[in-house]
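K.L.:
Questions regarding the structure given below will be posed in turn.
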Amino acid sequence: MNTSTPALAVHQARKRFGAVDALRGVSLAAHAGEVLALLGDNGAGKSTLVKCISGVHALDEGEIQIDGVPVAISTPAAARSAGVETVYQDLALFDNLTPAQNFYCGRELSGPAWLPRGLRFLSSRAMDSHAAEIIDRLKVKLPKFDAPVALMSGGQRQAIAVARAAMFARKVVILDEPTAALGLRESRKVLDLILQLRAEGKAIILITHNMEHVIELADRAVVLLQGRKVGELKPDRTNQQELVSMIVGAGA
Amino acid sequence: MNTSTPALAVHQARKRFGAVDALRGVSLAAHAGEVLALLGDNGAGKSTLVKCISGVHALDEGEIQIDGVPVAISTPAAARSAGVETVYQDLALFDNLTPAQNFYCGRELSGPAWLPRGLRFLSSRAMDSHAAEIIDRLKVKLPKFDAPVALMSGGQRQAIAVARAAMFARKVVILDEPTAALGLRESRKVLDLILQLRAEGKAIILITHNMEHVIELADRAVVLLQGRKVGELKPDRTNQQELVSMIVGAGA
Amino acid sequence: MTAVSLGLRLLSVGPLLILFALIVVISFLTPHFLKPGNISNILAQTAVIAIVAMGQHLVILTRGIDLSVGANLALATVIGALAYRVADSSVVVILAMVVTGGLVGAVNGIVYVFGRLPHPFIITLATLSVCRGLALEFAVGHTTMRGMPDFVSSLGGSWIFGAPNSFFVVFGVAAILLVLTRMMVWGRWTYAVGGKPEAAVQMGIPVRWVLVSAYVISGLCAGIGAVVLAGRTQAGSPLYGNLLELDTIAAVIIGGASFLGGRGHIGHALIGAVMIGVIRNALNLLGVDVFFQMIAIGLVIVIAVEGDVLRNHLEARARTMQAGRA
Amino acid sequence: MTAVSLGLRLLSVGPLLILFALIVVISFLTPHFLKPGNISNILAQTAVIAIVAMGQHLVILTRGIDLSVGANLALATVIGALAYRVADSSVVVILAMVVTGGLVGAVNGIVYVFGRLPHPFIITLATLSVCRGLALEFAVGHTTMRGMPDFVSSLGGSWIFGAPNSFFVVFGVAAILLVLTRMMVWGRWTYAVGGKPEAAVQMGIPVRWVLVSAYVISGLCAGIGAVVLAGRTQAGSPLYGNLLELDTIAAVIIGGASFLGGRGHIGHALIGAVMIGVIRNALNLLGVDVFFQMIAIGLVIVIAVEGDVLRNHLEARARTMQAGRA
Amino acid sequence: EDIKLGFITKFPVPFFATMENAAKAYAEANPGVEIVYGQGTSATDIEGQIALIESMVTQGVQGIAITPVDPTVASTLDKAIEAGVKVVLMDNNIPDWDGRTALATTDNYNAGKIAGGYLKSVLKDGDTLGILEGVPGVPSLDDRVNGMLEGLEGVNVNIVGRGATNCTEELGINVAEDLLTANPDLRAIYAACGPPAAGAARAITNAGIANDDIVLVGFDFCCGEEEALEAGTEDATVAQFPSKMAELGVDALVKAIRGEKVESLIDSGAALVTKDNMAEFK
Ligand SMILES: Nc1ncnc2c1ncn2[C@@H]1O[C@H](COP(=O)(O)OP(=O)(O)OP(=O)(O)O)[C@@H](O)[C@H]1O
Ligand SMILES: Nc1ncnc2c1ncn2[C@@H]1O[C@H](COP(=O)(O)OP(=O)(O)OP(=O)(O)O)[C@@H](O)[C@H]1O
Ligand SMILES: [Mg+2]
Ligand SMILES: [Mg+2]
C-alpha cells in the first residue's frame with residue numbers, strides 16, 4: 001500500500017439524514033496517480049460520501065484532509081478551489097445553457113481582473129473555442145455546439161459533464177457512475193480519459209457498478225455496505241469473486 | 001428466425017426533431033417469449049423509438065402493429081391498454097408519492113365501478129399490500145415503504161420503476177437501460193425478472209449498453225446507428241465482436 | 001414518551017402551531033378577542049377567503065395559479081342578483097352563482113390547456129379583467145344590486161349553535177374536497193400531475209382533464225364564496241372580491257403548501273385563511289390605525305412563515321436526535 | 001433565400017411580430033394612433049411599466065416573482081418628495097428614490113434567501129403591504145405631495161428629438177441590463193441559477209447573492225420608475241403604482257419570457273410593456289368605455305399570447321421542412 | 001361653431017355614471033357640443049387618468065371636464081392647457097393649482113362638516129365613535145373625515161377606532177363588526193362612503209343592537225343606504241348632487257370656450273338626508 005501523504009483523505013465520516021444512517025464512520029485515502037474504486041450496492045452511501053467531499057452536504061462528524069492538511073469543505077466552491085472536481089450522478093448540467101456555457105459555469109473566463117467577479121466581462125469566444133477543443137479531444141459527437149443541452153441524449157450529456165470535470169481538475173477527480181448511461185464507444189472514451197488523468201498524477205475516485213471497469217482501471221477498491229467500510233483490496237481477476245461477495249454483504 | 005405473428009412490430013418508423021433525424025425508417029419485430037435487445041451508441045435513436053412505441057411521441061411516418069394488427073398508439077394510455085409497458089430511461093417516478101402510490105399511478109385500484117373513473121374511491125389498503133408483495137418478491141430493500149420516493153437512492157428508484165412495469169405488463173415490456181444505475185445484486189434481480197417475464201410468454205425489448213447482459217439474455221439483437229437499423233443477429237460469445245463493430249459503426 | 005418525541009409530535013402539527021401562538025399572543029393583547037361573539041365574527045369574516053382558498057389550493061397543487069377568483073366571485077354575485085330579479089328562489093340564485101363560477105373556471109382551464117399556454121398566469125389575469133368588466137357591464141346601474149332570497153341571506157348572515165352558517169358551508173366544502181383529494185382517484189391524479197407532469201403523461205393519466213377540472217373546481221369555489229358573500233351583504237356587486245386572488249394565494253402558502261406542486265393539503269388553505277382573518281380582526285380590535293395596519297399585516301405574515309421555517313428546521317433536528325437514541 | 005427560410009426569419013422575430021400586427025390593426029381603426037404626438041404619448045405612458053418590467057424580468061429569470069414593485073415605487077416617490085422639501089437638488093431627490101427602491105429590494109432578497117423562505121411570493125407580498133403603509137404614513141397629510149426639482153420633471157415630462165426624455169431613461173436601463181445579463185459573469189450566473197438552482201450550488205456559483213442581487217436590481221428599477229413617474233406628475237404619492245406588479249409580470253410573460261426560469265431576455269420585457277401600453281392607448285383613443293376596456297384588454301392579452309404559441313408551432317414546422325429540404 | 005369636449009371621471013361607480021349621464025343629456029340638448037368620455041378603473045388609477053387626458057388632447061378636444069382622481073394629474077393638465085385646451089374640474093379641487101377655468105364641486109370638507117354637525121347634535125361628552133374610512137390617501141375621502149371631525153368640535157367624543165374599508169361593503173361589515181366587539185358601548189359609527197355605511201348597518205343588525213342604541217351616519221346616499229335609512233339602522237347621510245355638478249361643469253366649460261366669462265367656483269351643494277326627508281333625494 002502507498003505510504004505517501006494521500007491527496008485526499010477522509011477520517012471517520014458520519015452522515016445521517018433524519019432516521020437514515022447514510023455513513024457510519026467511513027475512512028479512506030486517495031493518492032495522487034491512482035484510481036480508487038468506491039464500490040457498494042445501491043444505498044450503500046457512496047453518493048452521500050461523494051457529496052460530503054465535494055461540499056454539497058456537510059459531514060456530521062469526521063474530517064477531510066487534502067495533502068495531509070485538514071480542510072473545511074463547507075461549499076462546492078471550497079471543494080473546487082481545493083482542487084477537487086466532481087461528476088455528479090445527476091450530472092449537474094444546465095439545460096438552458098450551451099455545452100461551452102456549461103463547461104465554464106461558475107468559473108467563467110472573464111476580465112478585467114480588477115473588477116469584482118460578477119461584474120467582469122465574459123470572454124465568450126475564448127470559452128467557446130477551448131470547450132470545443134476538449135469536446136473534440138474526447139471525440140464526443142454533439143448535434144449542435146451552440147444549442148442548449150436540454151435535448152441531447154443521455155450519453156451526450158454524460159460526456160459533457162465528464163469532460164468538464166477533466167478540464168478543471170487539479171488534484172482529485174470524483175466520478176459518480178460516469179459510464180452508467182454511456183454506449184460502448186463513449187464508455188471507452190471516458191475510461192481512457194480516466195487513465196490519462198491518472199497519468200497526469202491526479203487522484204481519482206471512481207464509483208461504478210461495472211466490475212469489468214473496476215478490474216481494468218482500479219489500483220485499489222474500497223467497499224461500502226450500509227454506510228460502513230467493509231473491505232479494501234487491490235482488484236484483479238483472481239479476487240473478483242471476493243469483491244462481489246463483499247459488495248453484496250455475503251461475506252458478513 | 002421466428003415466423004409466428006410478432007407481438008409487436010414496427011414498420012418503417014421515421015421521426016424527426018426539428019433538424020435532427022432521430023429515426024430514418026426503422027423496422028423491427030418482437031415475438032412473445034423472446035428478449036429482443038435494442039442496441040446502439042448514444043444518440044442512435046433507441047429512446048426515441050421506445051417513446052414512439054409507448055405513445056409519448058407520435059411517429060412522423062411508419063406503422064406499429066400489435067399481434068399483427070395495426071394500432072394507433074397516440075397516447076401512453078393507449079399503449080398501456082394495448083398491453084405495452086415501459087420503463088423509461090428517466091424512470092417516470094413521482095417524487096411526492098410513496099412506492100405503492102407510484103406503482104398504481106394512472107390505474108389505481110378503485111370502486112365502485114359504476115362511477116366515472118376519476119370519482120371512484122381508492123382501495124388504498126389493497127394497493128399497499130399488493131405493491132409490498134411485488135417489492136418483496138424482487139427483494140428490493142426500501143428504507144421506508146410509506147415515505148415519498150424523493151429521497152431514495154438511484155438504485156432503489158430504478159427497482160421501483162422496473163417492478164411497476166413487470167406487474168402490469170400483458171404483452172410487451174420495454175426496458176430502457178433498466179440496470180444502468182443498479183448495483184450488482186439489484187441488476188441480477190432485474191435480469192432474473194426479465195427471464196421470468198420471458199417465461200411468462202411476454203415479448204421483451206431491452207435497451208442496454210452492457211454486452212454481458214445482451215449475451216446472457218437476448219434471443220435476438222437489433223442494432224441502430226444514427227437512426228437506421230444496421231444489423232440484426234442472434235448474439236452469443238462468438239459474434240460479440242461483430243456486434244460491437246456494428247454498434248460503433250466500424251463495419252460500415 | 002420522551003421529551004423529544006413529545007416535542008416532535010407538537011412540532012409536526014405545523015402551521016397550526018403558529019396559528020395557536022398567534023392566538024395566545026393576541027388574546028393577551030385584547031380581552032375582546034376570545035369572546036364567543038368575536039370568534040363567530042372571525043369565522044364569518046374568514047369564510048369567503050377560506051372557501052376560495054381551498055379551490056386556489058387545488059390549482060396550486062397542479063403547479064398553477066388562479067388570478068381570476070376575485071373577479072369571478074364578483075361576476076357570480078352580480079349574476080346571482082340578476083337571477084334574483086327574475087325569480088325569488090334560493091335554488092335558482094345559488095345555481096346561477098355557482099354555475100357562473102364553474103364556467104369561468106372552465107374557460108380558464110380549457111384555454112390554458114387546449115390553447116397550450118405556457119403558464120396559467122396570463123389566462124387567469126385575462127379572465128380577471130374580463131370578469132370585472134362583465135360584472136360592471138351586467139350590473140344594473142353598474143353598481144351594487146341589492147336583494148337576495150332569504151335562504152341565501154341566512155347562509156351569509158345567520159348563526160346556529162353560536163357559529164355562523166357560513167362556517168358550515170366552509171366545513172362542507174372542506175369535507176367534499178378532502179374526500180376528493182385524499183380518497184378518490186381524481187385526487188391521486190392531481191398530486192401526480194403536480195408532482196411530475198411529464199411522468200403523469202407517461203403513466204396515462206388524463207393530465208389535460210385533471211388540469212381543467214382543477215380550474216373548474218377553483219371556479220366553483222369562487223361561486224360558493226359568492227353565495228356566502230352575497231348572503232352576508234344581501235347584495236351582488238361588481239366591486240366584490242378585490243385582491244382576493246392575493247389573499248387566497250397567501251393563505252395557501254402561509255398555511256404551508258408549496259408552489260412546487262404536488263405538496264400540501266386542504267387543511268393548509270384553511271389554516272392560512274384563518275390566520276389572515278385572525279390578524280385582520282386583531283388589528284381592528286386593537287384600534288390600530290389604517291397605515292400601521294398595512295405595515296403590521298406584512299410583518300406578521302413574514303413572521304408566521306418564518307416561524308414555520310424554523311419549526312421545520314427544529315423538526316428535522318428532533319427527528320435526528322430521536323433516531324440517534326433508538 | 002427560399003420562401004420557407006424567409007418565413008422562418010420573419011417568425012423568429014417572435015412577439016415583436018404580434019406587436020406589429022396589433023399596431024397595423026389599430027392604425028386602421030383610429031387615425032389618431034400614428035400621429036407623432038400620440039407615439040410620444042405611448043412611449044411616455046409605457047416608460048414606467050417598461051423600466052419596472054425589466055427588473056421584474058430578472059427576478060422571473062431566477063424563478064422568482066416580485067409583488068412589491070408597485071408599492072416600492074410609491075414609497076420611493078414619497079421619499080423623493082420628502083427629500084425635495086429638504087433640498088431642491090435633483091441629485092439628492094433621484095438618489096433618495098433609487099436608494100429607497102434598492103433597499104426595499106434588498107430586504108426582499110435577504111429575507112427570502114437568508115430566511116430560507118420556500119418562495120418569494122410571501123415576502124414580496126408582505127413588503128407590498130408594508131411599503132404602502134409606510135408610504136401613507138410618511139406622506140405629509142397621508143396624501144400626494146407636489147413638487148419635484150426641474151431636472152426630475154424634465155426626465156418625466158419633456159421631449160427631445162420628438163421622443164420623451166423618459167424614453168431615453170428606458171433605453172439606458174435596457175442597455176445597462178443587456179450588458180449585465182448578456183456580457184457579464186453575473187448574467188451568466190443568473191441564467192444558471194434560473195435554469196437549475198441545485199446544479200448552480202454544485203458548480204460553486206454564489207447562488208444566494210445572485211438571488212439577492214436580482215431582487216435589489218428589481219428594486220432599483222422600481223426606484224428609477226419612481227423617478228420617471230414623479231417627474232411626469234411632478235409629485236410623489238402613496239397611491240402610485242397600484243397593480244403595477246400584475247402589469248409588469250404580464251409584460252414579461254406576454255413578451256415571451258417563461259416562469260420556468262433561465263429563459264428569456266430584456267427585450268421580452270420591453271416588447272410586453274409596449275404591447276400593454278399600445279392596447280391601453282388604443283382603447284382610450286377609440287373611446288371604449290371602462291367596462292368594455294377591461295374585457296378588451298383581457299381578450300387582447302390572450303390573443304397576443306395565443307398568437308405567440310401559434311407562431312412557435314409554425315416555426316417548429318418550418319424548421320422541419322427546411323431541414324427536410326437540406 | 002361646433003365644440004368638442006372631453007369628459008373624464010374617476011372610476012366605475014354610480015356617482016360618476018350619474019355625472020356621465022348628465023353630460024350626455026347636456027350634449028343632446030345642445031347640438032353644437034360633442035363630448036367624448038373616459039373613465040379610470042379605480043380610486044388609485046392615477047396613471048390611467050393621465051393616459052386618458054393625453055389621448056383626449058391627441059383627439060383634438062377644445063376643453064376637458066374632469067374629476068381629478070389625484071392632484072398629480074395637474075402637470076398633465078398643464079400640458080393640455082399649453083396645447084390650448086381649457087380645463088374645468090369637477091367633484092374635487094386640485095389644491096395650489098391655478099390652471100383651472102372653473103371648479104364645480106361638492107366641497108367634501110364642508111359636506112363632512114354637515115355630517116359632523118349632525119353627530120354633534122346627537123352625541124354628548126364621553127361618547128364613543130368609530131370611523132370607517134374610505135381609501136387611505138385619497139384626499140376627497142380624507143376630507144370627509146376631517147370635515148366631520150371639525151363639525152364635531154365642541155363635544156368631547158372619544159374616537160375608538162379608524163379602519164380602512166376601501167369604500168367596499170365587504171370590509172365595511174368586517175371593520176364595523178370588530179369595532180362593535182372591541183367597544184360594546186360604542187355610541188356612533190361614521191362611514192366616509194356609501195357601501196361601508198350599508199355594511200355597518202348590517203353589522204349592527206347582526207350584532208342584535210337596537211337601532212336606538214347606536215348612531216350610524218354615512219356619506220353619499222347610495223349603495224344600500226336607502227334601505228338602511230328606511231329600516232332605521234342608519235340615522236343620517238350626506239347627499240351630493242352629481243348630475244347638477246356635471247351639468248354646471250360642462251356648461252361652464254362650453255361658455256369658457258365660447259369666450260364667455262364663468263365663475264371660478266361653482267358649488268353644487270350637499271345636504272343632510274334622514275329618513276324623514278329622503279324622498280326628496282331619490
Ligand atoms: N438527502 C437525503 N435525505 C434523506 N436520505 C437520503 C438523502 N440522500 C440519500 N439518502 C439515503 O441515504 C442512503 C445512502 O444513499 P446514497 O445515495 O449515498 O447511496 P448510493 O451508495 O449512492 O447508492 P446508488 O448506487 O443507488 O447510487 C439511502 O438509503 C438513501 O435513501
Ligand atoms: N425531444 C427531442 N427534441 C429534439 N431532439 C431530440 C429529442 N429527443 C431526442 N433528440 C435527439 O434525437 C437523437 C436520438 O436521441 P435518443 O435519445 O433516441 O438516443 P438514444 O439512442 O436513446 O441514446 P442514449 O443511449 O444516449 O440514451 C439525439 O441526437 C437527440 O439529441
Ligand atoms: Mg449513488
Ligand atoms: Mg436513450
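Ligands are numbered from 1 in the order shown, residues from 1 within each chain, and chains are lettered A, B, ... in the order they appear in the C-alpha cells.
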Within 9 Å of ligand 1, counting only C-alpha atoms and all ligand atoms: which residues, as a PyMOL selection string?
P.N.:
(chain A and resi 15-23+39-51+57+89+176-177+207-209+224-227) or (chain B and resi 142-144+149-158+181-183)
K.L.:
Counting only C-alpha atoms, which residues from chain D have an atom at most 9 Å from any atom of chain A, and could you show them as a short mmCIF file (atom, residue, chain, number, x, y, z; two decimals) with C-alpha atoms, in the first residue's frame?
P.N.:
data_model
loop_
_atom_site.label_atom_id
_atom_site.label_comp_id
_atom_site.auth_asym_id
_atom_site.auth_seq_id
_atom_site.Cartn_x
_atom_site.Cartn_y
_atom_site.Cartn_z
CA VAL D 179 -24.71 44.32 -20.86
CA LEU D 180 -25.17 42.91 -17.39
CA ARG D 182 -25.54 39.04 -21.76
CA MET D 183 -21.95 40.15 -21.45
CA MET D 184 -21.12 39.90 -17.78
CA VAL D 185 -20.47 36.98 -15.47
CA TRP D 186 -23.36 37.99 -13.26
CA GLY D 187 -25.79 37.48 -16.12
CA ARG D 188 -24.48 34.02 -16.88
CA TRP D 189 -24.90 33.13 -13.21
CA TYR D 191 -29.36 32.18 -16.14
CA ALA D 192 -27.63 29.25 -14.41
CA VAL D 193 -29.47 29.82 -11.14
CA GLY D 194 -32.77 30.08 -13.00
CA GLY D 195 -32.00 27.04 -15.13
CA LYS D 196 -31.09 24.61 -12.34
CA GLU D 198 -29.16 22.78 -7.35
CA ALA D 199 -26.59 22.49 -10.10
CA ALA D 200 -25.67 26.14 -9.62
CA VAL D 201 -24.86 25.34 -5.99
CA GLN D 202 -22.79 22.35 -7.06
CA MET D 203 -20.89 24.45 -9.57
CA GLY D 204 -19.88 26.86 -6.82
CA ILE D 205 -21.95 29.82 -8.02
CA PRO D 206 -22.80 32.16 -5.12
CA VAL D 210 -27.18 36.13 -7.23
CA GLY D 262 -33.46 30.77 -17.12
CA ARG D 263 -35.26 31.63 -20.34
#
K.L.:
With chain D laid on chain C by least squares, using all C-alpha atoms in order, how large is the RMSD?
P.N.:
0.1 Å
K.L.:
Using only C-alpha atoms, determine which residues of chain E fall within 8 Å of chain C; present them as a ChimeraX atom specification.
P.N.:
/E:12-14,17,136,160-164,168-170,174-175,177-179,181-182,199,202,206,223-224
K.L.:
May I have the residues of chain C within 8 Å of chain D, counting only C-alpha atoms, written as an NGL selection string?
P.N.:
:C and (115-119 or 121-123 or 125-134 or 136-137 or 250 or 253-254 or 258-259 or 290-299 or 301-302 or 305-306 or 309)
K.L.:
Report as a list in words: the residues of region 95-183 of chain E with a DSSP assignment of strand (DSSP E), based on the backbone of this structure.
P.N.:
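Put together, the selection reads Ala102, Leu103, Ala104, Thr105, Thr128, Leu129, Gly130, Ile131, Leu132, Glu133, Asn158, Ile159, Val160, Gly161, Arg162, Gly163 and Ala164 of chain E.
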K.L.:
Quick one: distance from CA of Ile50 (chain E) to CA of Val73 (chain E) in Å, one decimal?
P.N.:
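Calculated distance between CA of Ile50 (chain E) and CA of Val73 (chain E) is 6.0 Å.
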K.L.:
Enter the distance from CA of Gly83 (chain A) to CA of Pro6 (chain A), in Å, rounded to one decimal.
P.N.:
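Result for CA of Gly83 (chain A) versus CA of Pro6 (chain A): 13.7 Å, one decimal.
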